[in-house]
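Worksheet: one structure, shown below.
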Amino acid sequence: MKKFLALALAVFMLMAALPQQAGAESAPTRIKDIAKVQGVRSNQLVGYGIVVGLPGTGDSKEDVRQSIRNMLLTFGITIPAEDFKLKNSAAVMVTATLPPFIREGDTIDVTSSSIGDAKSLQGGTLLQTPLKAANGEVYAVAQGPVSTGGFVAGSGGGGSAQKNFPTVGLTPNGAIVEKSVEDDLGQGGKISLSLSRPDFTTAARMAASINAQYGGIATAANPGRIDINIPAYFRGNVVGFVATIEELPIVPDNIAKVVVNERTGTIVMGGDVSVDECAITQGGISIRVTKDQQAVQPDPLSYGTTIVTNNTAVGAEEDVASTVVVPATASISDIVGALNAVGATARDTISILQAMKAAGAIHADLEII
């Protein structure tokens, strides 16, 4: 430990003698990668359906029997409830996502998930199922074979094997869109951009980048929204205008943050995390237990026998605690780099970072996951 702290002190002194950067450099990125046009969004759809044609792996609940009977009544067919084979069908919740700008007649994927005690949906077919949005209106109708990508195999003796999750299945292109969501892009000659991570500095830089290209058309309304007036010569080509906006470069700004995963010893941080001058003292106690065997001989001319005894020795020693003074010019990346250079373990580094945060020496958010 003394050797470790001596090496760390030498590295810290070397860091203090080197010129330090004022802040970390961020890579420029496109507006498209950190913001999106407000209002362009997907919509979730859900419906209750029945999967039929199962090889005895369906539900055993009476609710499924009643659902099938009600469905057949709409076709003018009346069958006694007791004639249905419940194990050949299963009740499922059908979910899908309606992408933006999709039109009537287009198809989307649907997922069927068992809500009863069915063992598998493998080999089943989803019957026609209306899919509704949160407003209660039907936007798509789903139907088709269900692909589970897994299986359940069992024997009469009680043994079974399962792969993946056979109670959830996918029907590619299984739903036909019956109603689209109208997106009036650029209505009123204006659009708004929503930042994926709201930030005052990033919003101001984004507005400045747009204004540098097109003049004073953009305003940062708040840290998460940029309001843009569409130029007159782009009113008939809003899509082209948005495409040019998305390609503009910007350097986003992020808060100083250190993320620590104690289970794996992973430390992720930004290079702009800074620290105040502080002193780090670390000492430990080493406990060593040794065991050996010793043969004990009997006295001469005695009737004794040779025996083997186990001897245990316990020793404890405490390392002398040494103090390292970290200069205020060092950044957190310098500290971690120095600790890694002298062979500090990830757990030691994490403990030091937690102690520095508790002392108020780190100017960053420390998140433990």
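In the structure tokens, the first chain shown is A, the next is B, and so on; residue numbers restart at 1 for each chain, and ligands run from 1 in the order shown.
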Point to revise | Residue neighbourhood Val52 (chain A), 10 Å, only C-alpha atoms, exclusion window fewer than 5 positions, as a ChimeraX atom specification | key: /A:58,68,86-91,121,123-127,145-146
Considering only C-alpha atoms, return as an mmCIF file with N, CA and C atoms, in the first residue's frame whatever protein or nucleic-acid residues lie within 9 Å of Leu193 (chain A), sequence-local ones (same chain, fewer than 4 positions apart) excluded.
```cif
data_model
loop_
_atom_site.group_PDB
_atom_site.id
_atom_site.type_symbol
_atom_site.label_atom_id
_atom_site.label_comp_id
_atom_site.auth_asym_id
_atom_site.auth_seq_id
_atom_site.Cartn_x
_atom_site.Cartn_y
_atom_site.Cartn_z
ATOM 1 N N ALA A 35 -32.488 15.536 -31.950
ATOM 2 C CA ALA A 35 -33.796 16.186 -31.903
ATOM 3 C C ALA A 35 -34.697 15.575 -32.974
ATOM 4 N N LYS A 36 -35.986 15.766 -32.820
ATOM 5 C CA LYS A 36 -36.948 15.294 -33.813
ATOM 6 C C LYS A 36 -38.042 16.333 -33.970
ATOM 7 N N VAL A 37 -38.743 16.244 -35.098
ATOM 8 C CA VAL A 37 -39.822 17.180 -35.367
ATOM 9 C C VAL A 37 -40.989 16.860 -34.435
ATOM 10 N N GLN A 38 -41.453 17.863 -33.737
ATOM 11 C CA GLN A 38 -42.540 17.672 -32.779
ATOM 12 C C GLN A 38 -43.813 17.264 -33.514
ATOM 13 N N GLY A 224 -36.140 22.374 -24.157
ATOM 14 C CA GLY A 224 -36.484 21.164 -24.910
ATOM 15 C C GLY A 224 -37.174 21.415 -26.227
ATOM 16 N N ARG A 225 -37.376 22.690 -26.641
ATOM 17 C CA ARG A 225 -38.119 22.950 -27.874
ATOM 18 C C ARG A 225 -37.549 24.141 -28.632
ATOM 19 N N ILE A 226 -37.405 23.957 -29.935
ATOM 20 C CA ILE A 226 -36.965 25.020 -30.837
ATOM 21 C C ILE A 226 -38.104 25.292 -31.819
ATOM 22 N N ASP A 227 -38.612 26.521 -31.843
ATOM 23 C CA ASP A 227 -39.662 26.922 -32.781
ATOM 24 C C ASP A 227 -39.022 27.526 -34.019
ATOM 25 N N ILE A 228 -39.498 27.080 -35.195
ATOM 26 C CA ILE A 228 -38.896 27.501 -36.461
ATOM 27 C C ILE A 228 -39.992 27.992 -37.400
#
```
Point to revise | All strand (DSSP E or B) residues (DSSP, backbone) inside region 196-244 of chain A, as a PyMOL selection string | key: chain A and resi 218-222+225-229
Would you save the residues of that selection, restricted to N, CA and C atoms, as an mmCIF file, in the first residue's frame?
```cif
data_model
loop_
_atom_site.group_PDB
_atom_site.id
_atom_site.type_symbol
_atom_site.label_atom_id
_atom_site.label_comp_id
_atom_site.auth_asym_id
_atom_site.auth_seq_id
_atom_site.Cartn_x
_atom_site.Cartn_y
_atom_site.Cartn_z
ATOM 1 N N ALA A 218 -35.297 30.787 -36.168
ATOM 2 C CA ALA A 218 -35.395 29.823 -35.069
ATOM 3 C C ALA A 218 -35.302 30.529 -33.730
ATOM 4 N N THR A 219 -36.097 30.045 -32.777
ATOM 5 C CA THR A 219 -36.094 30.576 -31.420
ATOM 6 C C THR A 219 -36.145 29.419 -30.432
ATOM 7 N N ALA A 220 -35.282 29.453 -29.441
ATOM 8 C CA ALA A 220 -35.307 28.435 -28.385
ATOM 9 C C ALA A 220 -36.389 28.816 -27.383
ATOM 10 N N ALA A 221 -37.562 28.188 -27.487
ATOM 11 C CA ALA A 221 -38.675 28.517 -26.605
ATOM 12 C C ALA A 221 -38.404 28.065 -25.180
ATOM 13 N N ASN A 222 -37.755 26.921 -25.025
ATOM 14 C CA ASN A 222 -37.367 26.387 -23.723
ATOM 15 C C ASN A 222 -36.241 25.386 -23.950
ATOM 16 N N ARG A 225 -37.376 22.690 -26.641
ATOM 17 C CA ARG A 225 -38.119 22.950 -27.874
ATOM 18 C C ARG A 225 -37.549 24.141 -28.632
ATOM 19 N N ILE A 226 -37.405 23.957 -29.935
ATOM 20 C CA ILE A 226 -36.965 25.020 -30.837
ATOM 21 C C ILE A 226 -38.104 25.292 -31.819
ATOM 22 N N ASP A 227 -38.612 26.521 -31.843
ATOM 23 C CA ASP A 227 -39.662 26.922 -32.781
ATOM 24 C C ASP A 227 -39.022 27.526 -34.019
ATOM 25 N N ILE A 228 -39.498 27.080 -35.195
ATOM 26 C CA ILE A 228 -38.896 27.501 -36.461
ATOM 27 C C ILE A 228 -39.992 27.992 -37.400
ATOM 28 N N ASN A 229 -39.796 29.159 -37.974
ATOM 29 C CA ASN A 229 -40.664 29.675 -39.030
ATOM 30 C C ASN A 229 -40.132 29.210 -40.378
#
```
Close residues, Lys357 (chain A) itself excluded, 12 Å, only C-alpha atoms, min 3 positions apart in chain, as a PDB file with C-alpha atoms, in the first residue's frame:
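The result, stored in selection-v8.pdb:
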```
ATOM      1  CA  LYS A 257     -21.614  13.017 -14.746  1.00  0.00           C
ATOM      2  CA  VAL A 258     -19.837   9.928 -13.460  1.00  0.00           C
ATOM      3  CA  VAL A 273     -15.677  16.507 -14.799  1.00  0.00           C
ATOM      4  CA  SER A 274     -13.488  18.617 -12.506  1.00  0.00           C
ATOM      5  CA  VAL A 275     -12.397  18.300  -8.886  1.00  0.00           C
ATOM      6  CA  ASP A 276     -11.317  20.603  -6.086  1.00  0.00           C
ATOM      7  CA  CYS A 278      -8.510  17.328  -1.677  1.00  0.00           C
ATOM      8  CA  ILE A 332     -11.524  13.171 -12.750  1.00  0.00           C
ATOM      9  CA  ILE A 350     -14.980   3.437  -6.968  1.00  0.00           C
ATOM     10  CA  SER A 351     -14.498   3.819  -3.217  1.00  0.00           C
ATOM     11  CA  ILE A 352     -12.262   6.856  -3.716  1.00  0.00           C
ATOM     12  CA  LEU A 353     -14.739   8.496  -6.125  1.00  0.00           C
ATOM     13  CA  GLN A 354     -17.625   7.951  -3.681  1.00  0.00           C
ATOM     14  CA  GLY A 360     -17.898  17.783  -2.190  1.00  0.00           C
ATOM     15  CA  ALA A 361     -14.635  17.609  -4.127  1.00  0.00           C
ATOM     16  CA  ILE A 362     -16.208  16.312  -7.365  1.00  0.00           C
ATOM     17  CA  HIS A 363     -18.289  18.785  -9.381  1.00  0.00           C
ATOM     18  CA  ALA A 364     -20.467  16.214 -11.135  1.00  0.00           C
ATOM     19  CA  ASP A 365     -23.409  13.912 -10.628  1.00  0.00           C
ATOM     20  CA  LEU A 366     -22.258  10.531  -9.314  1.00  0.00           C
ATOM     21  CA  GLU A 367     -24.710   7.802 -10.326  1.00  0.00           C
ATOM     22  CA  ILE A 368     -24.400   4.301  -8.891  1.00  0.00           C
TER      23      ILE A 368
END
```
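The space separating CA of Val181 (chain A) from CA of Val141 (chain A) comes to 15.2 Å.
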Exercise for review: Pick out the residues sitting within 10 Å of Ala134 (chain A), and hand them over as a list in words; count only C-alpha atoms, and ignore anything fewer than 6 positions along from it in its own chain.
Suggested key: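 Selected residues are Asn43, Gln44, Leu45 and Val46 of chain A.
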Output file for the selection above: N, CA and C atoms, as an mmCIF file, in the first residue's frame:
```cif
data_model
loop_
_atom_site.group_PDB
_atom_site.id
_atom_site.type_symbol
_atom_site.label_atom_id
_atom_site.label_comp_id
_atom_site.auth_asym_id
_atom_site.auth_seq_id
_atom_site.Cartn_x
_atom_site.Cartn_y
_atom_site.Cartn_z
ATOM 1 N N ASN A 43 -47.931 5.536 -32.677
ATOM 2 C CA ASN A 43 -49.089 5.327 -31.808
ATOM 3 C C ASN A 43 -49.229 3.843 -31.494
ATOM 4 N N GLN A 44 -49.542 3.546 -30.259
ATOM 5 C CA GLN A 44 -49.694 2.159 -29.818
ATOM 6 C C GLN A 44 -51.121 1.676 -30.048
ATOM 7 N N LEU A 45 -51.236 0.419 -30.509
ATOM 8 C CA LEU A 45 -52.528 -0.207 -30.752
ATOM 9 C C LEU A 45 -52.627 -1.490 -29.936
ATOM 10 N N VAL A 46 -53.828 -1.838 -29.536
ATOM 11 C CA VAL A 46 -54.036 -3.052 -28.742
ATOM 12 C C VAL A 46 -55.416 -3.627 -29.049
#
```
Leaving out Ile230 (chain A) and any residue of its chain fewer than 3 positions from it, which residues lie within 8 Å of it when counting only C-alpha atoms, given as an mmCIF file with N, CA and C atoms, in the first residue's frame?
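Dumped everything to around.cif:
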```cif
data_model
loop_
_atom_site.group_PDB
_atom_site.id
_atom_site.type_symbol
_atom_site.label_atom_id
_atom_site.label_comp_id
_atom_site.auth_asym_id
_atom_site.auth_seq_id
_atom_site.Cartn_x
_atom_site.Cartn_y
_atom_site.Cartn_z
ATOM 1 N N GLY A 186 -45.832 21.217 -40.819
ATOM 2 C CA GLY A 186 -45.649 22.588 -41.266
ATOM 3 C C GLY A 186 -46.925 23.399 -41.342
ATOM 4 N N GLY A 189 -47.151 27.361 -41.335
ATOM 5 C CA GLY A 189 -45.828 27.861 -41.661
ATOM 6 C C GLY A 189 -44.812 27.718 -40.545
ATOM 7 N N LYS A 190 -45.063 26.829 -39.580
ATOM 8 C CA LYS A 190 -44.154 26.654 -38.463
ATOM 9 C C LYS A 190 -43.950 25.172 -38.164
ATOM 10 N N ILE A 191 -42.773 24.852 -37.658
ATOM 11 C CA ILE A 191 -42.486 23.526 -37.106
ATOM 12 C C ILE A 191 -41.709 23.723 -35.811
ATOM 13 N N ILE A 217 -34.825 32.671 -38.102
ATOM 14 C CA ILE A 217 -36.100 31.939 -38.192
ATOM 15 C C ILE A 217 -36.326 31.028 -36.992
ATOM 16 N N PHE A 234 -39.731 27.730 -48.948
ATOM 17 C CA PHE A 234 -39.801 26.310 -48.586
ATOM 18 C C PHE A 234 -41.223 25.893 -48.206
ATOM 19 N N ARG A 235 -42.195 26.797 -48.311
ATOM 20 C CA ARG A 235 -43.558 26.451 -47.879
ATOM 21 C C ARG A 235 -44.127 25.278 -48.679
ATOM 22 N N VAL A 238 -41.892 21.326 -47.468
ATOM 23 C CA VAL A 238 -41.572 21.245 -46.045
ATOM 24 C C VAL A 238 -40.639 20.071 -45.761
ATOM 25 N N PHE A 241 -37.163 21.073 -46.504
ATOM 26 C CA PHE A 241 -36.661 22.002 -45.496
ATOM 27 C C PHE A 241 -36.237 21.271 -44.233
#
```
Check your understanding: Among region 10-215 of chain A, which residues carry a DSSP assignment of helix (DSSP H, G or I), reported as a ChimeraX atom specification?
Key -> /A:10-17,31-34,62-73,81-83,86-88,187-189,200-214
Practice item. Choose the residue, out of A:Met206, A:Ala140, A:Leu185, A:Ile245, that has the smallest atom-to-atom separation from Pro99 (chain A); count only C-alpha atoms. Key: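 Checking each candidate against Pro99 (chain A), we get A:Ala140 as the closest.
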Review point. So, counting only C-alpha atoms, which residue among A:Pro198, A:Gly240, A:Pro130, A:Gly136 is closest to Ile176 (chain A)?
Key: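 For Ile176 (chain A), the nearest of the given residues is A:Pro130.
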